[in-house]
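K.L.:
The file below is final_33.cif, mmCIF, C-alpha atoms:
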```
data_model
loop_
_atom_site.label_atom_id
_atom_site.label_comp_id
_atom_site.auth_asym_id
_atom_site.auth_seq_id
_atom_site.Cartn_x
_atom_site.Cartn_y
_atom_site.Cartn_z
CA MET A 208 -111.69 -204.58 -93.43
CA TYR A 209 -114.45 -204.19 -95.97
CA PRO A 210 -113.95 -203.58 -99.65
CA ALA A 211 -116.03 -200.91 -101.39
CA ALA A 212 -119.39 -202.11 -102.70
CA PHE A 213 -119.41 -203.77 -106.11
CA GLU A 214 -121.71 -205.52 -108.53
CA TYR A 215 -121.03 -209.24 -108.68
CA PHE A 216 -121.37 -211.40 -111.76
CA ALA A 217 -120.79 -215.14 -111.86
CA PRO A 218 -121.31 -216.03 -115.52
CA ALA A 219 -121.46 -219.65 -116.69
CA THR A 220 -119.71 -219.03 -120.00
CA LEU A 221 -116.65 -217.16 -121.17
CA ASP A 222 -118.66 -215.22 -123.76
CA GLU A 223 -120.98 -213.96 -121.06
CA ALA A 224 -118.00 -212.96 -118.90
CA LEU A 225 -116.40 -211.08 -121.79
CA ASP A 226 -119.68 -209.36 -122.52
CA VAL A 227 -120.00 -208.12 -118.95
CA LEU A 228 -116.36 -207.02 -118.86
CA GLY A 229 -116.81 -205.09 -122.11
CA ARG A 230 -119.78 -203.18 -120.74
CA TYR A 231 -117.72 -201.35 -118.13
CA ASP A 232 -115.39 -198.43 -118.63
CA GLU A 233 -111.67 -199.07 -118.46
CA GLY A 234 -110.68 -200.69 -115.23
CA ASP A 235 -114.14 -200.50 -113.69
CA ALA A 236 -114.63 -204.26 -113.75
CA LYS A 237 -112.09 -206.82 -112.57
CA VAL A 238 -111.82 -210.53 -113.19
CA LEU A 239 -112.03 -212.71 -110.07
CA ALA A 240 -110.32 -216.11 -110.29
CA GLY A 241 -108.67 -217.35 -107.08
CA GLY A 242 -108.91 -213.88 -105.56
CA MET A 243 -105.76 -214.41 -103.53
CA SER A 244 -104.29 -211.10 -104.67
CA LEU A 245 -107.38 -209.19 -105.78
CA ILE A 246 -109.43 -209.60 -102.60
CA PRO A 247 -106.64 -208.44 -100.23
CA VAL A 248 -106.03 -205.46 -102.52
CA MET A 249 -109.76 -204.64 -102.44
CA LYS A 250 -109.90 -205.01 -98.67
CA LEU A 251 -107.05 -202.54 -98.35
CA ARG A 252 -108.96 -200.32 -100.82
CA PHE A 253 -106.02 -200.12 -103.16
CA ALA A 254 -108.59 -201.29 -105.69
CA ALA A 255 -112.29 -200.51 -105.71
CA PRO A 256 -113.71 -202.00 -108.91
CA ARG A 257 -117.30 -201.24 -109.68
CA ALA A 258 -117.91 -204.83 -110.72
CA LEU A 259 -116.35 -208.25 -110.27
CA VAL A 260 -116.64 -210.92 -112.93
CA ASP A 261 -116.16 -214.23 -111.15
CA ILE A 262 -114.91 -216.78 -113.70
CA ASN A 263 -114.89 -219.74 -111.30
CA ARG A 264 -118.15 -221.16 -112.61
CA ILE A 265 -116.99 -221.23 -116.23
CA GLY A 266 -116.21 -224.72 -117.48
CA GLY A 267 -113.18 -225.68 -119.55
CA LEU A 268 -110.70 -223.25 -118.05
CA ASP A 269 -108.91 -225.78 -115.86
CA THR A 270 -106.89 -227.65 -118.47
CA LEU A 271 -103.34 -228.61 -117.52
CA ALA A 272 -102.04 -230.71 -120.39
CA GLU A 273 -99.33 -231.06 -123.00
CA GLU A 274 -100.81 -230.81 -126.47
CA ASP A 275 -99.50 -229.92 -129.93
CA GLY A 276 -95.99 -229.18 -128.75
CA ARG A 277 -96.94 -227.00 -125.83
CA LEU A 278 -98.04 -227.11 -122.26
CA ARG A 279 -101.44 -225.50 -121.75
CA ILE A 280 -102.30 -224.01 -118.38
CA GLY A 281 -105.93 -222.87 -118.25
CA ALA A 282 -107.02 -219.73 -116.44
CA LEU A 283 -108.44 -221.70 -113.52
CA VAL A 284 -105.49 -224.04 -112.94
CA ARG A 285 -104.70 -223.65 -109.24
CA HIS A 286 -101.23 -223.68 -107.72
CA LYS A 287 -102.24 -226.86 -105.89
CA THR A 288 -102.96 -228.64 -109.17
CA CYS A 289 -99.49 -227.70 -110.41
CA GLU A 290 -97.95 -228.82 -107.12
CA ARG A 291 -99.45 -232.27 -107.57
CA SER A 292 -99.04 -232.63 -111.31
CA GLY A 293 -96.83 -235.45 -112.52
CA LEU A 294 -96.43 -233.52 -115.76
CA LEU A 295 -94.55 -230.63 -114.17
CA LYS A 296 -91.33 -232.49 -113.53
CA GLY A 297 -88.18 -233.05 -115.58
CA LYS A 298 -88.27 -230.69 -118.53
CA TYR A 299 -90.93 -228.59 -116.78
CA GLY A 300 -88.99 -228.67 -113.49
CA ALA A 301 -89.03 -224.88 -113.19
CA LEU A 302 -92.83 -224.99 -112.94
CA GLY A 303 -93.03 -228.09 -110.78
CA ASP A 304 -90.46 -226.78 -108.30
CA ALA A 305 -92.09 -223.35 -108.08
CA ALA A 306 -95.64 -224.55 -107.38
CA PRO A 307 -95.14 -225.78 -103.79
CA LEU A 308 -93.26 -222.57 -102.95
CA ILE A 309 -96.18 -220.29 -103.80
CA SER A 310 -97.57 -218.73 -100.63
CA ASP A 311 -99.06 -221.36 -98.28
CA PRO A 312 -101.14 -224.54 -98.80
CA ILE A 313 -104.51 -222.84 -98.21
CA VAL A 314 -103.78 -220.06 -100.67
CA ARG A 315 -102.56 -222.67 -103.19
CA ASN A 316 -105.99 -224.33 -103.07
CA LEU A 317 -107.51 -221.29 -104.76
CA GLY A 318 -104.84 -219.10 -106.32
CA THR A 319 -104.21 -219.52 -110.04
CA VAL A 320 -101.13 -219.35 -112.26
CA ALA A 321 -102.83 -217.08 -114.80
CA GLY A 322 -104.19 -214.79 -112.09
CA SER A 323 -100.76 -214.44 -110.57
CA LEU A 324 -99.34 -213.35 -113.94
CA ALA A 325 -102.20 -210.90 -114.51
CA HIS A 326 -101.60 -209.39 -111.07
CA ALA A 327 -97.93 -208.82 -112.03
CA ASP A 328 -96.52 -208.49 -108.56
CA PRO A 329 -92.74 -208.03 -109.00
CA GLN A 330 -92.37 -210.42 -106.09
CA GLY A 331 -94.61 -213.00 -107.75
CA ASP A 332 -92.92 -216.32 -108.43
CA TRP A 333 -94.74 -217.41 -111.59
CA GLY A 334 -93.58 -214.33 -113.50
CA SER A 335 -89.95 -215.43 -113.28
CA VAL A 336 -90.80 -219.03 -114.07
CA MET A 337 -92.73 -218.01 -117.17
CA LEU A 338 -89.95 -215.68 -118.33
CA ALA A 339 -87.46 -218.53 -117.97
CA VAL A 340 -89.57 -221.00 -119.97
CA ARG A 341 -90.56 -218.27 -122.49
CA ALA A 342 -94.28 -218.70 -122.03
CA GLU A 343 -97.01 -216.76 -123.75
CA VAL A 344 -100.34 -215.60 -122.42
CA VAL A 345 -103.58 -215.99 -124.36
CA ALA A 346 -105.95 -213.06 -123.82
CA ARG A 347 -109.55 -212.97 -125.04
CA SER A 348 -111.90 -210.04 -125.39
CA ALA A 349 -115.40 -210.02 -126.84
CA ASP A 350 -114.09 -209.39 -130.35
CA ARG A 351 -110.68 -211.03 -130.53
CA GLU A 352 -108.09 -213.37 -129.11
CA ARG A 353 -104.42 -212.50 -129.01
CA THR A 354 -101.24 -214.07 -127.74
CA ILE A 355 -98.87 -212.00 -125.64
CA PRO A 356 -95.24 -213.12 -125.33
CA ILE A 357 -94.35 -213.07 -121.65
CA ASP A 358 -91.65 -210.43 -122.20
CA GLN A 359 -94.35 -208.05 -123.40
CA LEU A 360 -96.75 -208.77 -120.55
CA PHE A 361 -95.01 -207.10 -117.62
CA GLN A 362 -94.90 -203.31 -117.97
CA GLY A 363 -94.14 -202.31 -114.41
CA PRO A 364 -95.11 -203.15 -110.83
CA PHE A 365 -98.69 -204.52 -110.92
CA THR A 366 -98.99 -203.31 -114.50
CA THR A 367 -99.42 -205.48 -117.59
CA SER A 368 -100.20 -205.00 -121.26
CA LEU A 369 -103.58 -206.69 -120.76
CA GLN A 370 -106.54 -204.54 -121.77
CA PRO A 371 -109.37 -203.96 -119.26
CA ASN A 372 -111.79 -205.91 -121.46
CA GLU A 373 -109.52 -208.95 -121.75
CA ILE A 374 -109.47 -212.18 -119.79
CA VAL A 375 -106.40 -214.39 -119.68
CA THR A 376 -107.76 -217.74 -120.81
CA GLU A 377 -104.56 -219.71 -120.94
CA VAL A 378 -100.81 -219.69 -120.40
CA ARG A 379 -98.78 -221.63 -122.96
CA VAL A 380 -95.31 -223.00 -122.51
CA PRO A 381 -93.39 -224.34 -125.50
CA ALA A 382 -92.67 -228.06 -124.97
CA PRO A 383 -88.89 -228.43 -124.98
CA GLY A 384 -86.95 -231.46 -126.17
CA ARG A 385 -84.13 -232.12 -123.74
CA ALA A 386 -84.49 -229.67 -120.90
CA GLY A 387 -84.12 -229.17 -117.18
CA GLY A 388 -84.91 -226.41 -114.77
CA THR A 389 -85.88 -225.38 -111.29
CA TYR A 390 -87.04 -222.50 -109.15
CA LEU A 391 -85.22 -221.46 -106.01
CA LYS A 392 -86.81 -219.12 -103.50
CA LEU A 393 -85.53 -217.54 -100.33
CA GLU A 394 -88.37 -216.63 -97.98
CA ARG A 395 -88.48 -215.80 -94.30
CA LYS A 396 -91.40 -218.11 -93.63
CA VAL A 397 -94.10 -220.06 -95.46
CA GLY A 398 -96.48 -217.61 -97.10
CA ASP A 399 -94.00 -214.76 -97.29
CA PHE A 400 -93.04 -213.11 -100.52
CA ALA A 401 -89.65 -213.97 -101.96
CA THR A 402 -86.64 -212.13 -100.61
CA VAL A 403 -85.08 -213.39 -103.82
CA GLY A 404 -86.24 -216.01 -106.31
CA VAL A 405 -84.44 -217.41 -109.34
CA ALA A 406 -86.02 -219.44 -112.14
CA VAL A 407 -83.77 -221.48 -114.41
CA HIS A 408 -84.70 -223.40 -117.53
CA VAL A 409 -82.12 -224.85 -119.93
CA THR A 410 -82.57 -226.73 -123.19
CA MET A 411 -79.64 -228.76 -124.51
CA SER A 412 -78.73 -230.08 -127.90
CA ASN A 413 -75.65 -232.15 -128.79
CA GLY A 414 -74.03 -231.55 -125.44
CA THR A 415 -74.26 -227.78 -125.49
CA VAL A 416 -76.84 -225.29 -124.36
CA GLU A 417 -79.43 -224.54 -127.01
CA GLN A 418 -81.23 -221.89 -125.00
CA ALA A 419 -81.06 -220.82 -121.38
CA GLY A 420 -83.81 -219.07 -119.46
CA ILE A 421 -82.91 -217.24 -116.25
CA ALA A 422 -85.27 -214.84 -114.51
CA LEU A 423 -85.31 -213.16 -111.12
CA THR A 424 -87.98 -212.43 -108.50
CA GLY A 425 -88.05 -209.62 -105.96
CA VAL A 426 -85.07 -207.72 -107.33
CA GLY A 427 -86.64 -205.21 -109.70
CA PRO A 428 -89.83 -203.33 -110.58
CA THR A 429 -91.01 -206.45 -112.47
CA ASN A 430 -89.72 -209.97 -112.71
CA VAL A 431 -86.38 -209.54 -114.43
CA ARG A 432 -84.97 -211.56 -117.31
CA ALA A 433 -81.20 -211.96 -116.91
CA ALA A 434 -80.62 -211.73 -120.67
CA GLU A 435 -76.84 -211.45 -120.63
CA ALA A 436 -76.54 -214.43 -118.35
CA GLU A 437 -78.78 -216.43 -120.68
CA GLU A 438 -76.80 -215.46 -123.76
CA SER A 439 -73.48 -216.28 -122.12
CA LEU A 440 -74.58 -219.91 -121.97
CA THR A 441 -75.75 -220.31 -125.57
CA ALA A 442 -73.76 -223.00 -127.40
CA GLN A 443 -71.60 -223.58 -124.31
CA ALA A 444 -71.08 -226.81 -122.45
CA LEU A 445 -72.80 -226.43 -119.08
CA ASP A 446 -69.54 -226.66 -117.12
CA GLU A 447 -68.56 -224.97 -113.86
CA GLU A 448 -66.82 -222.10 -115.60
CA ALA A 449 -69.87 -221.30 -117.74
CA ILE A 450 -72.15 -221.65 -114.71
CA ASP A 451 -70.05 -219.25 -112.63
CA GLU A 452 -69.97 -216.67 -115.40
CA ALA A 453 -73.76 -216.89 -115.93
CA ALA A 454 -74.29 -216.54 -112.17
CA ARG A 455 -72.11 -213.43 -112.10
CA LEU A 456 -74.04 -211.90 -115.00
CA ALA A 457 -77.40 -212.75 -113.41
CA ALA A 458 -76.32 -210.98 -110.22
CA ALA A 459 -75.36 -207.95 -112.33
CA ALA A 460 -78.83 -207.96 -113.92
CA ALA A 461 -80.56 -207.79 -110.54
CA GLN A 462 -81.75 -204.38 -109.34
CA PRO A 463 -82.36 -205.12 -105.66
CA ARG A 464 -83.21 -202.55 -103.04
CA THR A 465 -82.33 -202.69 -99.40
CA ASP A 466 -85.41 -203.37 -97.29
CA LEU A 467 -86.45 -205.34 -94.23
CA ARG A 468 -85.76 -208.60 -96.08
CA GLY A 469 -82.09 -207.80 -96.70
CA THR A 470 -79.55 -205.44 -98.14
CA GLU A 471 -78.96 -204.83 -101.79
CA GLU A 472 -75.60 -206.55 -101.61
CA TYR A 473 -77.03 -209.57 -99.83
CA LYS A 474 -79.84 -210.03 -102.35
CA ARG A 475 -77.47 -209.68 -105.28
CA ASN A 476 -75.30 -212.37 -103.77
CA VAL A 477 -78.29 -214.66 -103.31
CA VAL A 478 -79.10 -214.21 -107.01
CA ARG A 479 -75.57 -215.30 -107.89
CA ILE A 480 -75.65 -218.35 -105.63
CA PHE A 481 -79.16 -219.40 -106.67
CA THR A 482 -78.39 -219.02 -110.37
CA ALA A 483 -75.37 -221.30 -110.02
CA ARG A 484 -77.33 -223.82 -107.94
CA GLY A 485 -80.23 -223.71 -110.35
CA LEU A 486 -78.03 -224.33 -113.37
CA ARG A 487 -76.32 -227.24 -111.64
CA LYS A 488 -79.71 -228.70 -110.76
CA ALA A 489 -80.93 -228.30 -114.34
CA LYS A 490 -77.81 -230.09 -115.52
CA GLU A 491 -78.36 -232.95 -113.06
CA ALA A 492 -81.98 -233.25 -114.12
CA MET A 493 -80.94 -233.70 -117.72
CA ALA A 494 -78.23 -236.22 -116.82
CA SER A 495 -80.65 -238.52 -115.02
CA MET B 167 -120.29 -194.65 -118.97
CA ILE B 168 -122.91 -197.09 -117.77
CA THR B 169 -124.78 -196.53 -114.58
CA GLN B 170 -125.21 -199.37 -112.16
CA THR B 171 -126.60 -202.40 -113.92
CA LYS B 172 -127.06 -204.67 -111.00
CA PRO B 173 -127.74 -204.18 -107.30
CA THR B 174 -124.78 -204.65 -104.98
CA THR B 175 -126.79 -207.12 -102.93
CA GLN B 176 -128.01 -210.52 -103.96
CA GLU B 177 -129.65 -213.65 -102.71
CA ILE B 178 -127.55 -216.71 -102.06
CA ALA B 179 -128.32 -220.25 -100.98
CA VAL B 180 -125.65 -222.00 -99.02
CA THR B 181 -125.41 -225.14 -96.94
CA VAL B 182 -123.48 -224.66 -93.72
CA ASN B 183 -122.76 -227.72 -91.59
CA GLY B 184 -125.58 -229.55 -93.34
CA GLN B 185 -128.13 -226.82 -92.82
CA GLU B 186 -129.46 -224.87 -95.77
CA HIS B 187 -129.63 -221.11 -95.60
CA SER B 188 -131.12 -218.68 -98.05
CA LEU B 189 -130.28 -215.04 -97.46
CA VAL B 190 -129.72 -211.70 -99.07
CA VAL B 191 -126.18 -210.40 -98.69
CA GLU B 192 -124.08 -207.52 -99.88
CA SER B 193 -121.69 -208.74 -102.56
CA ARG B 194 -118.80 -207.33 -100.54
CA LEU B 195 -119.71 -209.35 -97.45
CA LEU B 196 -116.80 -211.62 -96.60
CA LEU B 197 -117.52 -215.28 -95.94
CA VAL B 198 -116.14 -215.01 -92.42
CA HIS B 199 -118.66 -212.28 -91.61
CA LEU B 200 -121.49 -214.27 -93.11
CA LEU B 201 -120.60 -217.11 -90.78
CA ARG B 202 -119.95 -215.10 -87.65
CA GLU B 203 -122.44 -212.26 -87.90
CA LYS B 204 -125.31 -213.53 -90.03
CA LEU B 205 -125.28 -217.16 -88.93
CA GLY B 206 -123.84 -216.74 -85.44
CA LEU B 207 -121.11 -219.32 -86.01
CA THR B 208 -118.35 -217.62 -84.06
CA GLY B 209 -116.08 -220.67 -83.98
CA THR B 210 -114.49 -219.29 -87.15
CA HIS B 211 -112.03 -216.67 -85.99
CA VAL B 212 -110.77 -213.49 -87.60
CA GLY B 213 -107.04 -213.41 -86.99
CA CYS B 214 -104.90 -211.20 -89.17
CA ASP B 215 -107.67 -210.30 -91.65
CA THR B 216 -104.97 -210.21 -94.34
CA SER B 217 -104.81 -213.85 -95.49
CA SER B 218 -101.60 -214.49 -93.58
CA CYS B 219 -102.50 -216.44 -90.44
CA GLY B 220 -105.04 -219.07 -91.53
CA ALA B 221 -107.21 -218.70 -88.39
CA CYS B 222 -110.38 -218.08 -90.43
CA THR B 223 -110.01 -221.24 -92.53
CA VAL B 224 -113.20 -223.17 -93.30
CA LEU B 225 -113.97 -225.95 -95.76
CA VAL B 226 -115.91 -225.18 -98.93
CA ASP B 227 -116.89 -228.35 -100.75
CA GLY B 228 -114.23 -230.01 -98.60
CA VAL B 229 -111.42 -227.64 -99.62
CA PRO B 230 -109.76 -225.44 -96.98
CA LEU B 231 -109.89 -221.75 -97.79
CA LYS B 232 -109.45 -218.53 -95.86
CA SER B 233 -112.90 -217.12 -95.20
CA CYS B 234 -111.50 -213.60 -94.67
CA THR B 235 -110.38 -213.63 -98.30
CA HIS B 236 -113.52 -215.00 -99.90
CA PHE B 237 -116.84 -213.33 -100.60
CA ALA B 238 -120.06 -214.84 -99.31
CA VAL B 239 -121.54 -214.62 -102.82
CA GLN B 240 -118.81 -216.98 -104.03
CA VAL B 241 -120.22 -219.83 -101.93
CA ASP B 242 -123.70 -219.60 -103.46
CA GLY B 243 -124.79 -223.20 -104.03
CA ARG B 244 -121.82 -224.63 -102.18
CA GLU B 245 -121.34 -226.53 -98.96
CA VAL B 246 -119.45 -224.91 -96.11
CA LYS B 247 -118.13 -226.70 -93.06
CA THR B 248 -117.02 -224.83 -89.95
CA VAL B 249 -115.66 -226.14 -86.67
CA GLU B 250 -119.23 -226.28 -85.34
CA GLY B 251 -119.91 -229.00 -87.92
CA LEU B 252 -117.16 -231.36 -86.77
CA ALA B 253 -118.78 -233.03 -83.75
CA LYS B 254 -121.55 -235.50 -84.55
CA GLY B 255 -124.48 -236.24 -82.24
CA GLY B 256 -122.74 -234.68 -79.27
CA GLU B 257 -119.61 -236.74 -79.80
CA LEU B 258 -116.37 -234.96 -80.54
CA HIS B 259 -114.66 -235.61 -83.85
CA PRO B 260 -111.52 -237.78 -83.40
CA LEU B 261 -109.44 -234.70 -84.19
CA GLN B 262 -111.12 -232.77 -81.41
CA GLN B 263 -110.47 -235.69 -79.08
CA GLY B 264 -106.88 -235.77 -80.28
CA PHE B 265 -106.35 -232.07 -79.55
CA HIS B 266 -107.79 -232.72 -76.08
CA GLU B 267 -105.68 -235.82 -75.40
CA GLU B 268 -102.40 -234.43 -76.72
CA HIS B 269 -102.84 -230.87 -75.47
CA GLY B 270 -102.95 -229.51 -79.03
CA LEU B 271 -104.04 -226.07 -77.93
CA GLN B 272 -103.42 -223.46 -75.32
CA CYS B 273 -105.34 -220.27 -76.08
CA GLY B 274 -107.42 -222.02 -78.73
CA PHE B 275 -107.56 -219.15 -81.19
CA CYS B 276 -106.01 -221.03 -84.11
CA THR B 277 -107.63 -224.35 -83.17
CA PRO B 278 -110.84 -224.32 -85.26
CA ALA B 279 -108.79 -223.78 -88.41
CA MET B 280 -106.17 -226.33 -87.36
CA LEU B 281 -108.95 -228.88 -86.90
CA LEU B 282 -110.54 -228.20 -90.27
CA VAL B 283 -107.30 -228.23 -92.23
CA SER B 284 -106.36 -231.47 -90.47
CA ALA B 285 -109.79 -232.94 -91.26
CA ALA B 286 -109.28 -232.16 -94.95
CA LEU B 287 -105.81 -233.71 -94.79
CA LEU B 288 -107.02 -236.94 -93.15
CA GLU B 289 -109.91 -237.18 -95.59
CA GLU B 290 -107.42 -237.28 -98.41
CA ASN B 291 -104.51 -238.98 -96.68
CA PRO B 292 -105.63 -241.09 -93.69
CA ASP B 293 -102.09 -242.03 -92.74
CA PRO B 294 -99.91 -238.93 -93.14
CA THR B 295 -96.27 -238.75 -92.12
CA GLU B 296 -95.18 -236.10 -89.64
CA GLU B 297 -93.74 -234.11 -92.54
CA GLU B 298 -97.01 -234.30 -94.45
CA ILE B 299 -98.91 -233.03 -91.42
CA ARG B 300 -96.50 -230.13 -90.96
CA TRP B 301 -96.66 -229.32 -94.68
CA ALA B 302 -100.48 -229.33 -94.67
CA LEU B 303 -100.59 -227.06 -91.61
CA SER B 304 -97.85 -224.71 -92.78
CA GLY B 305 -100.39 -222.02 -93.67
CA ASN B 306 -101.80 -221.95 -90.14
CA ILE B 307 -100.03 -219.97 -87.48
CA CYS B 308 -100.09 -220.93 -83.80
CA ARG B 309 -98.40 -218.66 -81.27
CA CYS B 310 -98.76 -220.93 -78.23
CA THR B 311 -97.84 -224.52 -78.84
CA GLY B 312 -94.74 -224.53 -81.01
CA TYR B 313 -96.79 -226.93 -83.19
CA GLN B 314 -95.35 -230.03 -81.52
CA ASN B 315 -98.56 -231.02 -79.78
CA ILE B 316 -100.69 -230.07 -82.75
CA VAL B 317 -98.79 -232.59 -84.85
CA LYS B 318 -99.17 -235.19 -82.09
CA SER B 319 -102.90 -234.46 -81.91
CA VAL B 320 -103.34 -235.07 -85.63
CA GLN B 321 -101.34 -238.28 -85.36
CA TRP B 322 -103.54 -239.35 -82.44
CA ALA B 323 -106.65 -238.73 -84.52
CA ALA B 324 -105.29 -240.53 -87.57
CA LYS B 325 -104.57 -243.59 -85.44
CA LYS B 326 -107.97 -243.46 -83.79
CA MET B 327 -109.79 -243.07 -87.09
CA LYS B 328 -107.90 -246.01 -88.54
CA GLU B 329 -108.81 -248.20 -85.56
CA THR B 330 -112.48 -247.35 -85.76
CA SER B 331 -112.88 -247.41 -89.53
#
```
When written as structure tokens, how does the structure in this file appear?

P.N.:
Amino acid sequence: MYPAAFEYFAPATLDEALDVLGRYDEGDAKVLAGGMSLIPVMKLRFAAPRALVDINRIGGLDTLAEEDGRLRIGALVRHKTCERSGLLKGKYGALGDAAPLISDPIVRNLGTVAGSLAHADPQGDWGSVMLAVRAEVVARSADRERTIPIDQLFQGPFTTSLQPNEIVTEVRVPAPGRAGGTYLKLERKVGDFATVGVAVHVTMSNGTVEQAGIALTGVGPTNVRAAEAEESLTAQALDEEAIDEAARLAAAAAQPRTDLRGTEEYKRNVVRIFTARGLRKAKEAMAS
Amino acid sequence: MITQTKPTTQEIAVTVNGQEHSLVVESRLLLVHLLREKLGLTGTHVGCDTSSCGACTVLVDGVPLKSCTHFAVQVDGREVKTVEGLAKGGELHPLQQGFHEEHGLQCGFCTPAMLLVSAALLEENPDPTEEEIRWALSGNICRCTGYQNIVKSVQWAAKKMKETS
């Protein structure tokens, strides 16, 4: 399979990349990071950009660090880096647990967190994780930089609020105080998309839940925030009763469709079970 | 609005198995086709062509990646290693010997990639556990062996490399 012909740019600086991107009409140029979604889509000719702007040779985009009260994930941070990061444990457990479940080890060598969000596959794992931890995405164009709250990023399947002249330079996650979380994924085999995935992130204060983040993969046109389930936990002790109720509400928030990976009923049930398991795991993480 | 600003072909310089090549390629040329069709290195196989099976895996600057999902222009200035680059001076790499000794292949289609991914693993972790081997190879599909002998082959090579290092 060959993609359509394109002009290839491999700029050394972000400014140069933004300049090239800005020179093309809407959607005519695409940003190439890991390419693990873009290249397959081009090979299938679902996308035929006139130009590719390869950002892999730009320095300074691979930061993974906690600074000024937030976790910064640069545009070129690969899944593999997250998988191996000592930072993404404990309070960032949702990220650390998700990383090794992304696709397969070879894809993880190249694929990026930011690229995955920009691709906005409703079966993408990072989307749910970032909804749960209430991340924001930093987008730069030649003339401005703006910050997009994750809830405003996903507009529909493979559709985001990013402008064609923008590059995601960084994903930011607010650094929580006392927190725990995880990501649970049901897949048929390594490398498959999620049948169902559930991201859970809970912050606690004085023995009760300060804020809960629960988001679902593969059961809607985008990654889905289970808002009612989250709210049901606010100011509650994280006991079995509260967990069961949140799990029930998360299952109600899912909009699964019957397909070759399972029936609607089955997927909804997996959401319920995974939400409960995830919340228990978050609780354990905070206890230890 | 703008007309084409840049040709859709370009010159790249790439080192493959220690040998430097300078050639003009279409930007859409996939790395696997550069290797197989331009350089005649047919040890790299096209399996699924959809980034699912891992059979086309090669090492770029030591990192395993799927050459069916990478453009040749992306490896400009980089170092590529294919299965043809494993043996040295006519002597098989310990991993190749291991796959021979432990019957790590039947049809051999997935083998070049299995060898390269294993080579990258042993480079980083000379003494992997069985689980670590299986984890590292989990992106590579084999339809013959059931993986058992592949794991044994990697273990054989790890032992051999430790003895001779």

K.L.:
Could you tell me how far atom CA of Lys237 of chain A sits from atom CA of Ala255 of chain A, in Å to one decimal place?

P.N.:
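Interatomic distance, atom CA of Ala255 of chain A to atom CA of Lys237 of chain A: 9.3 Å.
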
K.L.:
Kindly provide the residues of chain B that approach chain A to within 7 Å, each paired with its closest atom pair and their distance in Å to one decimal, based on all atoms listed in the file, listed by chain and increasing number, as a Markdown table.

P.N.:
```
| residue | atom | partner | partner_atom | distance |
| --- | --- | --- | --- | --- |
| B:Met167 | CA | A:Asp232 | CA | 6.2 |
| B:Ile168 | CA | A:Tyr231 | CA | 6.7 |
| B:Lys172 | CA | A:Glu214 | CA | 6.0 |
| B:Pro173 | CA | A:Glu214 | CA | 6.3 |
| B:Thr174 | CA | A:Glu214 | CA | 4.8 |
| B:Ser193 | CA | A:Tyr215 | CA | 6.2 |
| B:Arg194 | CA | A:Ala212 | CA | 5.7 |
| B:Thr216 | CA | A:Pro247 | CA | 6.4 |
| B:Ser218 | CA | A:Gly398 | CA | 7.0 |
| B:Pro230 | CA | A:Ile313 | CA | 6.0 |
| B:Leu231 | CA | A:Ile313 | CA | 5.5 |
| B:Lys232 | CA | A:Ile313 | CA | 7.0 |
| B:Thr235 | CA | A:Ile246 | CA | 6.0 |
| B:Ala302 | CA | A:Pro312 | CA | 6.4 |
| B:Ser304 | CA | A:Val397 | CA | 6.5 |
| B:Gly305 | CA | A:Asp311 | CA | 4.8 |
```

K.L.:
Need the shell around Asn315 of chain B: protein/DNA/RNA residues with any atom at most 12 Å away, counting only C-alpha atoms. Skip same-chain ones fewer than 2 positions apart. Format as a list in words?

P.N.:
Gly264, Phe265, His266, Glu267, Glu268, His269, Gly270, Leu271, Gln272, Thr277, Met280, Glu296, Ile299, Arg300, Cys308, Cys310, Thr311, Gly312, Tyr313, Val317, Lys318, Ser319, Val320, Gln321 and Trp322 of chain B

K.L.:
For the residues in the current selection, export C-alpha atoms as an mmCIF file, in the frame of the given file.

P.N.:
```
data_model
loop_
_atom_site.group_PDB
_atom_site.id
_atom_site.type_symbol
_atom_site.label_atom_id
_atom_site.label_comp_id
_atom_site.auth_asym_id
_atom_site.auth_seq_id
_atom_site.Cartn_x
_atom_site.Cartn_y
_atom_site.Cartn_z
ATOM 1 C CA GLY B 264 -106.880 -235.770 -80.280
ATOM 2 C CA PHE B 265 -106.350 -232.070 -79.550
ATOM 3 C CA HIS B 266 -107.790 -232.720 -76.080
ATOM 4 C CA GLU B 267 -105.680 -235.820 -75.400
ATOM 5 C CA GLU B 268 -102.400 -234.430 -76.720
ATOM 6 C CA HIS B 269 -102.840 -230.870 -75.470
ATOM 7 C CA GLY B 270 -102.950 -229.510 -79.030
ATOM 8 C CA LEU B 271 -104.040 -226.070 -77.930
ATOM 9 C CA GLN B 272 -103.420 -223.460 -75.320
ATOM 10 C CA THR B 277 -107.630 -224.350 -83.170
ATOM 11 C CA MET B 280 -106.170 -226.330 -87.360
ATOM 12 C CA GLU B 296 -95.180 -236.100 -89.640
ATOM 13 C CA ILE B 299 -98.910 -233.030 -91.420
ATOM 14 C CA ARG B 300 -96.500 -230.130 -90.960
ATOM 15 C CA CYS B 308 -100.090 -220.930 -83.800
ATOM 16 C CA CYS B 310 -98.760 -220.930 -78.230
ATOM 17 C CA THR B 311 -97.840 -224.520 -78.840
ATOM 18 C CA GLY B 312 -94.740 -224.530 -81.010
ATOM 19 C CA TYR B 313 -96.790 -226.930 -83.190
ATOM 20 C CA VAL B 317 -98.790 -232.590 -84.850
ATOM 21 C CA LYS B 318 -99.170 -235.190 -82.090
ATOM 22 C CA SER B 319 -102.900 -234.460 -81.910
ATOM 23 C CA VAL B 320 -103.340 -235.070 -85.630
ATOM 24 C CA GLN B 321 -101.340 -238.280 -85.360
ATOM 25 C CA TRP B 322 -103.540 -239.350 -82.440
#
```
